Amino acid sequence: MTIQVRNLNVWYGHSQALHDVNLTIESQGVTAIIGPSGCGKSTFVRCLNRMHEEIDGGRVEGEVLIDGINIYTRAIKPIYVRSHIGMVFQRPNPLPTRSIFENVAIGLRLNGLASGTYLKERVEHSLKQAALWDEVKDRLDDTASQLSGGQQQRLCIARALAIEPKIILMDEPCSALDPISTFQVEELIRELSNSYTVVIVTHNMQQAGRVADRTVFFLQGKLIEEGETEKFFAHPAKKETEDYITGRFS
C-alpha cells in the first residue's frame, strides 16, 4: 500500500511537533526515518496509524492517504486503521503472563477470528514470518516472559503480522536489543519488505543504510530531505542533512 502524507501538522496541546510534512512512501520496501531526539520522527510514524490520538492533547491537521483513502476522515474508525497498519514499539511489549501462543492470537481474538483451525494456522504462519517458529514451536504454552529480549521483539512482530496488515510501522525496534538480536530483526525487516510496506524509525544511521530503500531526515519537526538511501548518505542535497550524517550535531 502507498502512503501519501499531505500538509501534515501535529500538536501536543499548544506545542507544534510537526510542520507541513509532505511525503509519499511507495508500496513495499523499507523507508527509514532518521533525525535527532525530539525532531518529530516518532510522532510522524504514530500519525500513520492514528496512535497520536492516544496522547492527551494530540491533534492532527492535514491528510494521510493509504492507497488514496484519507484515514483521518470521520467515517473511518481508528480501530479499522490499526487493523491494517501494524505497529512494533521500541521496547518489546508482549503480554508477559500470557503464553507465546496467546500473545500472537490476541489480535485475532479481538477481531473475532478465533476459530480453532484458522487460529492455529495463523499463529504458526505469523511465527514463521517472524523467524521465531523453530525456536518456540515446542513451547507455545510457555509465558512470553521466558523469552529473551530479541525473541520477545520478534514475538511482537509476529503479533502484528497475525492480523494480516498491509503496512508495518516500527519505532526504534532494535534500540533495546543486543547485536545478535539486532541482526536477526534487521534480516527480518528486509524479508518482510518483499510483502509489506515497512516504515522504521531509527537513531542508528548505519542501520538505515543496511535495511532501508529510502531514508527521510527530520529536524525540528520539519522534513528536511528524503531520497534513495545510498544516494541520500553519499550525496546529501541539504547542508542540514550533511551536518547530521557527518556528526556535526546529533
# chains A, B, ... in the order shown; residues from 1 in each chain; ligands from 1
call {"tool": "select_by_dssp", "arguments": {"residues": "range 13-207 of chain A", "states": "helix (DSSP H, G or I)", "output": "PyMOL selection string"}}
result
chain A and resi 41-47+51-54+78-84+100-110+116-129+133-136+144-146+149-162+179-192+205-207
call {"tool": "residues_around", "arguments": {"residues": "Val21 in chain A", "least_positions_apart": "6", "cutoff": "12 Å", "atoms": "only C-alpha atoms", "output": "JSON list (two decimals) with N, CA and C atoms, in the first residue's frame"}}
result
[["chain", "number", "residue", "atom", "x", "y", "z"],
["A", 4, "GLN", "N", 0.53, 8.44, 1.30],
["A", 4, "GLN", "CA", 0.74, 9.82, 0.90],
["A", 4, "GLN", "C", 0.39, 10.74, 2.07],
["A", 5, "VAL", "N", 1.36, 11.53, 2.49],
["A", 5, "VAL", "CA", 1.15, 12.48, 3.59],
["A", 5, "VAL", "C", 1.13, 13.88, 2.99],
["A", 6, "ARG", "N", 0.06, 14.61, 3.27],
["A", 6, "ARG", "CA", -0.12, 15.93, 2.67],
["A", 6, "ARG", "C", -0.35, 16.98, 3.74],
["A", 7, "ASN", "N", 0.53, 17.96, 3.80],
["A", 7, "ASN", "CA", 0.37, 19.13, 4.68],
["A", 7, "ASN", "C", 0.05, 18.72, 6.11],
["A", 8, "LEU", "N", 0.82, 17.78, 6.63],
["A", 8, "LEU", "CA", 0.57, 17.25, 7.97],
["A", 8, "LEU", "C", 1.16, 18.18, 9.03],
["A", 9, "ASN", "N", 0.29, 18.64, 9.93],
["A", 9, "ASN", "CA", 0.71, 19.44, 11.08],
["A", 9, "ASN", "C", 0.18, 18.74, 12.33],
["A", 10, "VAL", "N", 1.03, 18.68, 13.35],
["A", 10, "VAL", "CA", 0.67, 17.94, 14.57],
["A", 10, "VAL", "C", 1.01, 18.77, 15.80],
["A", 40, "GLY", "N", 10.63, 14.82, 15.89],
["A", 40, "GLY", "CA", 9.29, 14.52, 15.40],
["A", 40, "GLY", "C", 9.16, 13.22, 14.63],
["A", 41, "LYS", "N", 10.22, 12.43, 14.59],
["A", 41, "LYS", "CA", 10.15, 11.20, 13.77],
["A", 41, "LYS", "C", 9.17, 10.17, 14.36],
["A", 43, "THR", "N", 6.62, 10.87, 16.36],
["A", 43, "THR", "CA", 5.30, 11.47, 16.19],
["A", 43, "THR", "C", 4.79, 11.22, 14.78],
["A", 44, "PHE", "N", 5.65, 11.40, 13.79],
["A", 44, "PHE", "CA", 5.24, 11.19, 12.40],
["A", 44, "PHE", "C", 4.75, 9.76, 12.18],
["A", 45, "VAL", "N", 5.51, 8.79, 12.65],
["A", 45, "VAL", "CA", 5.12, 7.40, 12.43],
["A", 45, "VAL", "C", 3.81, 7.08, 13.16],
["A", 47, "CYS", "N", 1.38, 9.00, 13.61],
["A", 47, "CYS", "CA", 0.28, 9.59, 12.87],
["A", 47, "CYS", "C", -0.17, 8.70, 11.71],
["A", 60, "VAL", "N", -4.18, 16.63, 14.98],
["A", 60, "VAL", "CA", -3.61, 16.50, 13.65],
["A", 60, "VAL", "C", -4.41, 17.32, 12.66],
["A", 61, "GLU", "N", -3.71, 18.01, 11.78],
["A", 61, "GLU", "CA", -4.33, 18.65, 10.61],
["A", 61, "GLU", "C", -3.58, 18.17, 9.37],
["A", 62, "GLY", "N", -4.29, 18.04, 8.27],
["A", 62, "GLY", "CA", -3.69, 17.53, 7.05],
["A", 62, "GLY", "C", -4.27, 16.17, 6.71],
["A", 63, "GLU", "N", -3.61, 15.49, 5.79],
["A", 63, "GLU", "CA", -4.13, 14.22, 5.30],
["A", 63, "GLU", "C", -3.06, 13.14, 5.33],
["A", 64, "VAL", "N", -3.49, 11.93, 5.66],
["A", 64, "VAL", "CA", -2.67, 10.72, 5.48],
["A", 64, "VAL", "C", -3.51, 9.77, 4.64],
["A", 216, "VAL", "N", 14.49, 9.22, 5.17],
["A", 216, "VAL", "CA", 13.86, 10.53, 5.36],
["A", 216, "VAL", "C", 14.49, 11.17, 6.60],
["A", 217, "PHE", "N", 14.88, 12.44, 6.48],
["A", 217, "PHE", "CA", 15.52, 13.16, 7.58],
["A", 217, "PHE", "C", 14.61, 14.25, 8.11],
["A", 218, "PHE", "N", 14.33, 14.17, 9.42],
["A", 218, "PHE", "CA", 13.54, 15.19, 10.12],
["A", 218, "PHE", "C", 14.45, 16.02, 11.01],
["A", 219, "LEU", "N", 14.11, 17.30, 11.12],
["A", 219, "LEU", "CA", 14.82, 18.20, 12.03],
["A", 219, "LEU", "C", 13.84, 19.25, 12.52],
["A", 220, "GLN", "N", 13.73, 19.37, 13.84],
["A", 220, "GLN", "CA", 12.86, 20.37, 14.47],
["A", 220, "GLN", "C", 11.44, 20.34, 13.90],
["A", 221, "GLY", "N", 10.94, 19.11, 13.74],
["A", 221, "GLY", "CA", 9.55, 18.95, 13.31],
["A", 221, "GLY", "C", 9.31, 19.15, 11.83],
["A", 222, "LYS", "N", 10.38, 19.32, 11.06],
["A", 222, "LYS", "CA", 10.23, 19.53, 9.62],
["A", 222, "LYS", "C", 10.95, 18.45, 8.83],
["A", 223, "LEU", "N", 10.36, 18.06, 7.72],
["A", 223, "LEU", "CA", 11.02, 17.12, 6.82],
["A", 223, "LEU", "C", 12.03, 17.91, 6.00],
["A", 224, "ILE", "N", 13.31, 17.58, 6.19],
["A", 224, "ILE", "CA", 14.38, 18.33, 5.53],
["A", 224, "ILE", "C", 14.73, 17.73, 4.18],
["A", 225, "GLU", "N", 14.84, 16.39, 4.13],
["A", 225, "GLU", "CA", 15.28, 15.75, 2.89],
["A", 225, "GLU", "C", 14.88, 14.28, 2.90],
["A", 226, "GLU", "N", 14.62, 13.74, 1.71],
["A", 226, "GLU", "CA", 14.36, 12.31, 1.58],
["A", 226, "GLU", "C", 14.84, 11.86, 0.21]]
call {"tool": "residues_around", "arguments": {"residues": "Asn49 in chain A", "least_positions_apart": "4", "cutoff": "7 Å", "atoms": "only C-alpha atoms", "output": "JSON, numbers by chain"}}
result
{"A": [81, 82, 85]}
call {"tool": "atom_distance", "arguments": {"atom1": "CA of Gln153 in chain A", "atom2": "CA of Lys128 in chain A"}}
result
13.9 Å
call {"tool": "select_by_dssp", "arguments": {"residues": "range 20-212 of chain A", "states": "strand (DSSP E)", "output": "PyMOL selection string"}}
result
chain A and resi 20-25+29-34+58-66+69-70+85-88+167-171+197-201
call {"tool": "write_last_selection", "arguments": {"atoms": "C-alpha atoms", "output": "short mmCIF file (atom, residue, chain, number, x, y, z; two decimals), in the first residue's frame"}}
result
data_model
loop_
_atom_site.label_atom_id
_atom_site.label_comp_id
_atom_site.auth_asym_id
_atom_site.auth_seq_id
_atom_site.Cartn_x
_atom_site.Cartn_y
_atom_site.Cartn_z
CA ASP A 20 3.68 20.94 6.92
CA VAL A 21 5.05 17.49 6.22
CA ASN A 22 4.59 16.18 2.68
CA LEU A 23 5.86 12.72 1.80
CA THR A 24 5.00 9.75 -0.40
CA ILE A 25 6.03 6.25 0.72
CA GLY A 29 10.21 -1.73 0.55
CA VAL A 30 11.64 -0.12 3.70
CA THR A 31 11.62 3.60 4.48
CA ALA A 32 13.81 4.74 7.38
CA ILE A 33 13.00 7.89 9.37
CA ILE A 34 16.09 9.46 10.96
CA GLY A 58 -2.72 15.28 20.42
CA ARG A 59 -4.17 17.00 17.37
CA VAL A 60 -3.61 16.50 13.65
CA GLU A 61 -4.33 18.65 10.61
CA GLY A 62 -3.69 17.53 7.05
CA GLU A 63 -4.13 14.22 5.30
CA VAL A 64 -2.67 10.72 5.48
CA LEU A 65 -3.86 8.74 2.47
CA ILE A 66 -3.48 4.97 2.24
CA ILE A 69 -8.14 6.98 1.22
CA ASN A 70 -7.68 9.60 3.95
CA ILE A 85 -1.37 -0.87 9.84
CA GLY A 86 0.62 -2.82 12.42
CA MET A 87 2.95 -1.23 14.98
CA VAL A 88 6.09 -2.51 16.71
CA ILE A 167 1.76 -1.74 6.40
CA ILE A 168 4.16 -2.31 9.32
CA LEU A 169 5.44 0.59 11.41
CA MET A 170 8.47 0.10 13.67
CA ASP A 171 9.58 2.70 16.21
CA THR A 197 5.32 -1.53 3.22
CA VAL A 198 7.70 -1.08 6.18
CA VAL A 199 8.43 2.25 7.88
CA ILE A 200 11.12 2.21 10.56
CA VAL A 201 12.23 4.95 12.93
#
call {"tool": "closest_atom_pairs", "arguments": {"of": "range 52-121 of chain A", "to": "range 137-142 of chain A", "cutoff": "12 Å", "atoms": "only C-alpha atoms", "output": "tab-separated table"}}
result
residue	atom	partner	partner_atom	distance
A:Leu95	CA	A:Asp142	CA	11.8
A:Pro96	CA	A:Asp142	CA	10.0
A:Thr97	CA	A:Asp142	CA	9.1
A:Arg98	CA	A:Asp142	CA	8.0
A:Ser99	CA	A:Asp141	CA	5.0
A:Ile100	CA	A:Leu140	CA	5.1
A:Phe101	CA	A:Leu140	CA	5.2
A:Glu102	CA	A:Asp141	CA	8.3
A:Asn103	CA	A:Leu140	CA	9.7
A:Val104	CA	A:Leu140	CA	10.1
A:Ala105	CA	A:Leu140	CA	11.3
A:Lys120	CA	A:Leu140	CA	10.9
call {"tool": "atom_distance", "arguments": {"atom1": "CA of Asn93 in chain A", "atom2": "CA of Cys156 in chain A"}}
result
6.9 Å
call {"tool": "closest_residue", "arguments": {"among": "A:Gly247, A:Pro92, A:Gly209, A:Pro78", "to": "Ser175 in chain A", "atoms": "only C-alpha atoms"}}
result
A:Pro92
call {"tool": "atom_distance", "arguments": {"atom1": "CA of Leu108 in chain A", "atom2": "CA of Leu127 in chain A"}}
result
13.9 Å
call {"tool": "closest_residue", "arguments": {"among": "A:Thr241, A:Gln16, A:Thr2, A:Gln28", "to": "Tyr196 in chain A", "atoms": "only C-alpha atoms"}}
result
A:Gln28
call {"tool": "closest_residue", "arguments": {"among": "A:Ser181, A:Asn194, A:Thr117, A:Ser126", "to": "Gln152 in chain A", "atoms": "only C-alpha atoms"}}
result
A:Ser181
call {"tool": "closest_residue", "arguments": {"among": "A:Arg91, A:Cys39, A:Gln146, A:Gly116", "to": "His19 in chain A", "atoms": "only C-alpha atoms"}}
result
A:Cys39
